[in-house]
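Enquirer: This is the structure I want to talk about, given as structure tokens.
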Amino acid sequence: MDPGAVLLSRPDNPEVALPALYERLHAYWGNLGWWPAESPFEVIVGAILTQNTAWQNVEKAVTALKREAVLSPARIRDLSEDRLAEWIRPAGYYRLKARRLKAFIRFLYERYAGNLDRMFAQPTERLREALLSVNGIGPETADSILLYAGEKPVFVVDAYTKRILCRHGMIPEDADYPTLQGLFMRYLPAEAPLFNQYHALLVHTGKTFCRKKPLCAGCPLEPLVGPGEAR
DNA sequence: CACCAGGCAAGTA
DNA sequence: TACTTGCATGGT
């Protein structure tokens with residue numbers, strides 16, 4: 001059966017709707033091979049810098065850190081917070097984010113001797129709790145680190161994920177983070193490559209067709225929105 | 001010009 | 001517990 005028809009007929013049944021949504025997006029975009037970064041540490045820096053911020057601005061900041069050759073735990077540890085802040089300025093909230101990057105680096109050195117491999121050797125659930133205890137790391141940032149830097153099977157929920165599911169009547173407007181994450185993790189096999197690709201598909205679709213001001217025209221999901229469905 | 005972008009924490013009642 | 005506010009740059 002056509003995944004589109006399945007999704008349209010049962011948007012409220014995640015067991016059929018979530019795999020159908022994936023099939024439709026994957027057929028349209030193909031493999032995205034995601035998180036635009038060259039190393040796990042760059043993923044982590046990007047995850048913090050992109051909080052409520054356009055990715056384009058994050059790229060400027062990351063480029064500056066590369067230009068200054070400070071994109072490593074040790075170099076950021078040895079940097080003054082003020083200098084770090086100036087270099088990441090294009091990412092916005094730059095004083096706040098400099099503090100948050102420093103907080104993560106302190107955490108990394110205090111618990112794992114500055115070594116990401118040691119950090120990721122921690123059991124995933126324990127590591128998630130530990131990351132959430134760092135000031136400036138919330139659920140989405142923690143899960144992005146676990147999935148995209150650590151390749152752990154943890155589903156990342158973000159604004160696009162929620163917006164797309166809302167627009168298609170799959171969740172209520174007020175669904176919270178654990179609820180959304182629980183949906184994906186209960187009804188899909190716990191495989192990091194699948195979670196990686198699924199989230200990438202949602203973000204890519206969201207950026208292209210589903211911003212806060214809807215730009216639905218041409219969206220591969222557009223035919224799935226039923227009559228009268230809020231958008 | 002106004003509005004938006006891959007959140008999070010701290011403050012208030 | 002349930003809201004509200006601060007954080008800030010750059011693109012549309």
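Please note that chains go A, B, ... in the order of the structure tokens, that every chain numbers its residues from 1, and that ligands are numbered from 1 in the order shown.
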Got a sec to pull out which chain C residues are within 12 Å of chain A, counting only C-alpha atoms (C1' of nucleotides), and send them as a list in words?
Expert: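 The contacting residues on chain C are DG6, DC7, DA8, DT9, DG10, DG11 and DT12 of chain C.
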Enquirer: Could the residues in this selection be written to a file with C-alpha atoms (C1' of nucleotides), as a compact mmCIF listing (two decimals), in the first residue's frame?
Expert:
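Just written: result01.txt:
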# COMPACT_ATOMS: atom_id res chain seq x y z
C1' DG C 6 16.75 37.08 28.37
C1' DC C 7 20.01 35.81 25.25
C1' DA C 8 21.90 38.31 19.70
C1' DT C 9 23.42 37.74 15.02
C1' DG C 10 22.27 37.61 10.12
C1' DG C 11 18.98 36.33 6.32
C1' DT C 12 14.36 37.15 4.07
Enquirer: Using only C-alpha atoms (C1' of nucleotides), select each residue of chain B with any atom at most 8 Å away from an atom of chain A, and give the selection as a list in words.
Expert: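 Per the criterion, chain B yields DC4, DA5, DG6, DG7, DC8 and DA9 of chain B.
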Enquirer: So, counting only C-alpha atoms, which residue among A:Leu147, A:Ala98, A:Leu25, A:Ala121 is closest to Arg83 (chain A)?
Expert: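 Closest to Arg83 (chain A), using only C-alpha atoms: A:Ala98.
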Enquirer: Report, in Å to a single decimal, how far apart CA of Ala113 (chain A) and CA of Asp78 (chain A) are.
Expert: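 Separating CA of Asp78 (chain A) from CA of Ala113 (chain A) is a distance of 14.4 Å.
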Enquirer: Kindly indicate which residue among A:Phe41, A:Trp87, A:Phe155, A:Tyr187 lies nearest to Met119 (chain A), using only C-alpha atoms for the distances.
Expert: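 Using only C-alpha atoms, Met119 (chain A) sits closest to A:Phe41.
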Enquirer: Identify, with DSSP run on backbone atoms, the residues in region 48-228 of chain A assigned to helix (DSSP H, G or I), and express the list as number ranges by chain.
Expert: A: 48-49, 55-67, 73-77, 81-87, 89-91, 94-112, 116-121, 124-132, 139-149, 159-167, 177-187, 192-209, 222-224
